[in-house]
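Reviewing the structure listed below.
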Amino acid sequence: MNDRVTAPRFSKRWFGNLLVGFVVLVLLPAAYYGLAQYKFNGSYSVFDEVSHMSYAWSVSHGNLPAKGDNVAQQVLDDWPCSGQDRSTIASCKDGKATSQFTVVQQYNYFHPPVYYFITGWFARIVSTIWTGISFMVAARALSIVWMVAGCIALYFALRSWKIEKIYCYATVALIPFIPVFLNPGTAVTNDAPGLLAGASTIWVSSMILLRQKKFLWPAVGLAFIFGLVKGTFVFQFLGLAAVLVLYGVWSLFRNTDDRQRGKDLLIQGMAIGISGLVSLYSFTIFQSFRGDQSAKSVIQGINTNPIVGSPLGELINTSMNWVLLADDGTLRGGMSDSVGYVPWIALLNVVILGAVGYVFFQQNSPKAYTVFAYVTALSLVLYPLIINFRQFLAANDFLPSVGERYGISILPLVLCCWALALHQRRAKAVAVVIPVLGAAVCFACLVVMPVFTIPS
């Protein structure tokens with residue numbers, strides 16, 4: 001009798017959870033990024049999309065770019081006839097390029113090929129089966145898939161921290177409306193798997209810190225794999241590794257019986273850090289033996305400044321560039337000028353810039369929460385320092401501002417801190433209202449934005 005009564009209830013609850021999950025994790029990001037791609041109308045993003053598109057085209061046709069190579073001719077032919085964000089150049093007539101943009105060098109040859117291989121082959125297969133869909137359109141469509149997969153992964157990573165579903169859904173619902181995630185969802189860029197990389201670090205952290213499992217080989221494997229997707233995706237793993245080593249040393253030598261735990265943490269931290277560093281530099285070393293090593297990057301010095309004074313001083317000056325994570329500099333089509341967007345960015349800054357602090361100041365928080373907050377804080381400070389340190393070693397200059405795109409795989413950790421704070425406070429109203437406001441403002445911005453047309 002009880003089985004007949006409870007079965008329908010279970011079925012309804014299961015269906016409700018499935019529906020909410022589909023709407024938040026799949027429909028919401030797919031609709032937002034799909035509408036944005038429609039509005040951008042095939043135009044290229046100014047954030048190196050030509051280089052990324054060419055890389056995807058090349059590897060899907062059996063050619064791994066090397067130093068000194070040029071952008072694939074097929075992309076150079078499509079570029080002028082598709083237009084580019086923030087450009088007023090019109091160089092297309094009757095569907096054919098009449099002139100080309102000035103930068104034709106493949107200056108991103110040093111990027112690992114994993115993302116480009118997956119994206120390129122997907123686009124090539126789709127454009128071969130459906131001849132009405134170009135390689136470029138198919139490649140951009142996969143950006144939506146990358147983002148949806150990242151949202152799903154982030155949800156389950158948050159759940160691994162035993163956070164209630166409502167706070168997990170509310171946190172993931174913010175993703176489409178954070179400006180830095182717009183470009184990965186609408187353009188071909190190796191930033192697209194950033195959500196997956198961040199979610200993986202959150203999951204690894206929960207296994208080690210909260211559930212206190214050894215979890216050595218999965219952690220080492222994920223750090224290595226994501227380093228081969230993009231070098232900057234290693235940074236949050238390095239932050240985790242550093243905290244585990246410090247926490248392990250502290251646990252190992254303090255006067256308690258927790259020395260075995262300290263030993264495990266020390267080994268885990270060292271293994272993750274070594275794996276990440278090997279992954280970070282392995283492809284760079286491989287590429288150093290290929291191509292024209294005398295070629296100079298055409299973008300060298302464009303966004304960088306020479307060192308003035310102490311290099312250490314320049315590094316310290318950019319260590320706080322993580323505050324740019326909520327910046328709207330990557331938006332397109334004048335979205336940031338739309339009504340309501342400035343207040344939304346202000347509210348988003350409160351969430352992102354304060355998330356780590358909210359965890360620190362919670363009362364009676366589990367120790368794992370506090371340690372994860374340290375991981376997030378250290379990762380935020382590390383990524384601008386590592387970026388500029390590598391820039392200094394490579395070209396003896398530095399980036400005056402390390403933009404938000406470099407920290408895209410660390411932002412999920414910040415959002416995890418936000419979810420932990422909401423969970424601790426049981427702040428259901430705050431959790432729901434903020435993404436609803438973001439959805440209203442950002443969808444309205446896209447709806448009123450005109451469809452991109454090439455200037456004539």
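Note on naming: chains are A, B, ... as they come in the structure tokens, residues start from 1 per chain, ligands start from 1 in the order shown.
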*Apply DSSP to the structure's backbone, then extract all residues of stretch 162-382 of chain A labelled alpha helix (DSSP H) and return them as number ranges by chain.*
A: 165-172, 182-186, 194-205, 216-227, 235-253, 259-287, 311-317, 341-360, 367-382
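Residues within 12 Å of A:Trp217, counting only C-alpha atoms and excluding same-chain residues fewer than 6 positions away, are Val204, Ile208, Ala223, Phe224, Ile225, Ile267, Gln268, Gly269, Ala271, Ile272 and Ser275 of chain A.
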Just all heavy atoms for this one: save the residues we selected as a short mmCIF file (atom, residue, chain, number, x, y, z; two decimals), in the first residue's frame.
```cif
data_model
loop_
_atom_site.label_atom_id
_atom_site.label_comp_id
_atom_site.auth_asym_id
_atom_site.auth_seq_id
_atom_site.Cartn_x
_atom_site.Cartn_y
_atom_site.Cartn_z
N VAL A 204 37.86 17.74 -7.46
CA VAL A 204 39.06 17.20 -6.83
C VAL A 204 39.21 17.74 -5.40
O VAL A 204 39.52 16.99 -4.46
CB VAL A 204 40.30 17.55 -7.67
CG1 VAL A 204 41.59 17.24 -6.90
CG2 VAL A 204 40.29 16.79 -8.99
N ILE A 208 39.34 15.59 -1.77
CA ILE A 208 40.51 15.62 -0.90
C ILE A 208 40.22 16.33 0.42
O ILE A 208 40.58 15.83 1.50
CB ILE A 208 41.70 16.31 -1.62
CG1 ILE A 208 42.13 15.48 -2.84
CG2 ILE A 208 42.87 16.49 -0.66
CD1 ILE A 208 43.20 16.14 -3.68
N ALA A 223 44.78 17.39 -13.76
CA ALA A 223 45.71 18.52 -13.86
C ALA A 223 46.52 18.44 -15.15
O ALA A 223 46.74 19.46 -15.83
CB ALA A 223 46.64 18.55 -12.65
N PHE A 224 46.94 17.23 -15.51
CA PHE A 224 47.74 17.06 -16.73
C PHE A 224 46.88 17.27 -17.98
O PHE A 224 47.29 17.96 -18.92
CB PHE A 224 48.35 15.66 -16.75
CG PHE A 224 49.32 15.45 -17.88
CD1 PHE A 224 50.62 15.90 -17.78
CD2 PHE A 224 48.92 14.81 -19.04
CE1 PHE A 224 51.52 15.72 -18.82
CE2 PHE A 224 49.81 14.62 -20.08
CZ PHE A 224 51.11 15.07 -19.98
N ILE A 225 45.68 16.71 -17.99
CA ILE A 225 44.81 16.82 -19.17
C ILE A 225 44.44 18.26 -19.46
O ILE A 225 44.53 18.73 -20.61
CB ILE A 225 43.53 15.97 -18.96
CG1 ILE A 225 43.86 14.48 -19.03
CG2 ILE A 225 42.47 16.32 -20.01
CD1 ILE A 225 42.73 13.58 -18.61
N ILE A 267 51.87 14.64 -0.25
CA ILE A 267 52.09 13.85 -1.47
C ILE A 267 51.12 14.27 -2.57
O ILE A 267 51.52 14.45 -3.73
CB ILE A 267 51.95 12.35 -1.17
CG1 ILE A 267 53.08 11.88 -0.25
CG2 ILE A 267 51.94 11.53 -2.46
CD1 ILE A 267 52.93 10.47 0.25
N GLN A 268 49.86 14.45 -2.21
CA GLN A 268 48.86 14.86 -3.19
C GLN A 268 49.20 16.22 -3.79
O GLN A 268 49.14 16.42 -5.01
CB GLN A 268 47.48 14.91 -2.53
CG GLN A 268 46.90 13.55 -2.20
CD GLN A 268 45.69 13.65 -1.30
OE1 GLN A 268 45.61 14.50 -0.41
NE2 GLN A 268 44.72 12.77 -1.51
N GLY A 269 49.56 17.17 -2.93
CA GLY A 269 49.88 18.51 -3.41
C GLY A 269 51.07 18.52 -4.34
O GLY A 269 51.06 19.15 -5.40
N ALA A 271 52.28 16.01 -6.10
CA ALA A 271 51.97 15.29 -7.34
C ALA A 271 51.12 16.14 -8.29
O ALA A 271 51.38 16.18 -9.50
CB ALA A 271 51.24 13.98 -7.02
N ILE A 272 50.11 16.81 -7.75
CA ILE A 272 49.27 17.68 -8.58
C ILE A 272 50.08 18.82 -9.17
O ILE A 272 49.96 19.16 -10.35
CB ILE A 272 48.08 18.23 -7.77
CG1 ILE A 272 47.13 17.09 -7.38
CG2 ILE A 272 47.32 19.30 -8.55
CD1 ILE A 272 46.04 17.50 -6.40
N SER A 275 52.51 17.52 -11.89
CA SER A 275 51.74 17.15 -13.08
C SER A 275 51.31 18.39 -13.86
O SER A 275 51.42 18.44 -15.09
CB SER A 275 50.51 16.33 -12.67
OG SER A 275 49.70 16.05 -13.79
#
```
*Among listed residues A:Thr88, A:Ser379, A:Gln212, A:Asn396, nearest A:Gln260 (using only C-alpha atoms)*: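 Closest residue, counting only C-alpha atoms: A:Gln212.
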*Spatial neighbours of stretch 261-266 of chain A, 8 Å, only C-alpha atoms, chain gap at least 5 places, as a count of residues only*: 10
_DSSP on the backbone, strand (DSSP E) only: what residues of stretch 26-226 of chain A does that give? Format it as a ChimeraX atom specification._
/A:92-93,96-97
Residues from the last selection, N, CA and C atoms, saved as a tab-separated table (two decimals), in the first residue's frame:
```tsv
chain	number	residue	atom	x	y	z
A	92	CYS	N	34.56	43.25	-48.79
A	92	CYS	CA	33.92	42.08	-49.38
A	92	CYS	C	32.93	42.55	-50.45
A	93	LYS	N	32.90	41.85	-51.56
A	93	LYS	CA	31.98	42.18	-52.64
A	93	LYS	C	31.48	40.90	-53.28
A	96	LYS	N	32.86	37.63	-51.97
A	96	LYS	CA	34.28	37.33	-52.11
A	96	LYS	C	35.11	38.47	-51.52
A	97	ALA	N	36.21	38.08	-50.88
A	97	ALA	CA	37.07	39.08	-50.25
A	97	ALA	C	37.77	39.92	-51.30
```
Extract, using only C-alpha atoms, all DNA, RNA and protein residues at most 8 Å from A:Asp191, discarding same-chain residues fewer than 4 positions from it, and format them as a PDB file with N, CA, C and O atoms, in the first residue's frame.
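out_13.pdb, written as the output of this step:
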```
ATOM      1  N   PRO A 184      33.451  32.921 -24.836  1.00  0.00           N
ATOM      2  CA  PRO A 184      33.593  31.474 -25.030  1.00  0.00           C
ATOM      3  C   PRO A 184      32.312  30.795 -25.508  1.00  0.00           C
ATOM      4  O   PRO A 184      32.379  29.719 -26.109  1.00  0.00           O
ATOM      5  N   LYS A 230      44.624  23.968 -22.276  1.00  0.00           N
ATOM      6  CA  LYS A 230      45.131  25.346 -22.301  1.00  0.00           C
ATOM      7  C   LYS A 230      46.032  25.540 -21.094  1.00  0.00           C
ATOM      8  O   LYS A 230      45.693  25.113 -19.985  1.00  0.00           O
ATOM      9  N   ARG A 405      39.969  37.214 -19.025  1.00  0.00           N
ATOM     10  CA  ARG A 405      39.971  35.936 -19.753  1.00  0.00           C
ATOM     11  C   ARG A 405      41.033  34.975 -19.221  1.00  0.00           C
ATOM     12  O   ARG A 405      40.875  33.760 -19.322  1.00  0.00           O
ATOM     13  N   ILE A 408      39.604  32.672 -16.341  1.00  0.00           N
ATOM     14  CA  ILE A 408      38.291  32.094 -16.605  1.00  0.00           C
ATOM     15  C   ILE A 408      38.114  30.722 -15.947  1.00  0.00           C
ATOM     16  O   ILE A 408      36.999  30.346 -15.584  1.00  0.00           O
TER      17      ILE A 408
END
```
Within 7 Å of stretch 330-352 of chain A, which residues of stretch 101-204 of chain A show up? Give each one with its shortest atom-to-atom distance in Å (one decimal) and the two atoms involved, counting only C-alpha atoms, rows by chain then rising residue number, as a Markdown table.
```
| residue | atom | partner | partner_atom | distance |
| --- | --- | --- | --- | --- |
| A:Pro179 | CA | A:Leu331 | CA | 6.2 |
| A:Val180 | CA | A:Thr330 | CA | 6.1 |
| A:Leu182 | CA | A:Leu331 | CA | 7.0 |
| A:Asn183 | CA | A:Thr330 | CA | 6.8 |
```
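Between atom CA of A:Gln73 and atom CA of A:Val103 the interatomic distance comes to 12.5 Å.
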*Hey, what's within 10 Å of A:Trp121 if we count only C-alpha atoms and toss same-chain stuff fewer than 3 positions away? As a list in words, please?*
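These residues fall inside the cut-off: Ala56, Trp57, Ser58, Val59, Ser60, His61, Tyr116, Phe117, Ile118, Arg124, Ile125, Val126, Ser127, Phe135 and Ala139 of chain A.
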Please dump the current selection as an mmCIF file, in the first residue's frame; keep C-alpha atoms.
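Wrote it out as out-v3.cif, contents follow:
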```
data_model
loop_
_atom_site.group_PDB
_atom_site.id
_atom_site.type_symbol
_atom_site.label_atom_id
_atom_site.label_comp_id
_atom_site.auth_asym_id
_atom_site.auth_seq_id
_atom_site.Cartn_x
_atom_site.Cartn_y
_atom_site.Cartn_z
ATOM 1 C CA ALA A 56 40.865 24.482 -35.543
ATOM 2 C CA TRP A 57 40.723 24.387 -39.349
ATOM 3 C CA SER A 58 44.395 23.415 -39.646
ATOM 4 C CA VAL A 59 44.447 20.540 -37.149
ATOM 5 C CA SER A 60 41.213 19.111 -38.569
ATOM 6 C CA HIS A 61 42.973 18.977 -41.946
ATOM 7 C CA TYR A 116 41.212 22.777 -31.461
ATOM 8 C CA PHE A 117 41.307 19.119 -32.479
ATOM 9 C CA ILE A 118 37.886 18.424 -30.930
ATOM 10 C CA ARG A 124 34.471 19.524 -40.336
ATOM 11 C CA ILE A 125 32.136 16.542 -39.894
ATOM 12 C CA VAL A 126 29.053 18.731 -39.487
ATOM 13 C CA SER A 127 29.910 20.946 -42.459
ATOM 14 C CA PHE A 135 32.925 25.114 -40.971
ATOM 15 C CA ALA A 139 32.699 25.514 -34.912
#
```
_If we count only C-alpha atoms and set the cut-off at 12 Å, which residues sit around A:Ser45, ignoring sequence neighbours fewer than 5 positions away in its own chain? Please answer as a count of residues only._
27
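From atom CA of A:Gly403 back to atom CA of A:Val430, the distance works out to 28.6 Å.
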*Looking at only C-alpha atoms, which of A:Ala173, A:Val308, A:Leu413, A:Leu324 is the one that sits closest to A:Val359?*
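Using only C-alpha atoms, the shortest distance to A:Val359 belongs to A:Leu413.
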*Enter the distance from atom CA of A:Gly221 to atom CA of A:Leu238, in Å, rounded to one decimal.*
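Between these atoms lies a distance of 13.5 Å.
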_Ranking A:Gly313, A:Pro450, A:Gly407, A:Gly438 by minimum distance to A:Phe389 and counting only C-alpha atoms, which one comes first?_
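Selected residue with least distance to A:Phe389: A:Gly313.
Of the listed residues A:Arg426, A:Ala242, A:Val433, A:Phe392, the one whose atoms come nearest to A:Tyr374 is A:Ala242, with distances taken using only C-alpha atoms.
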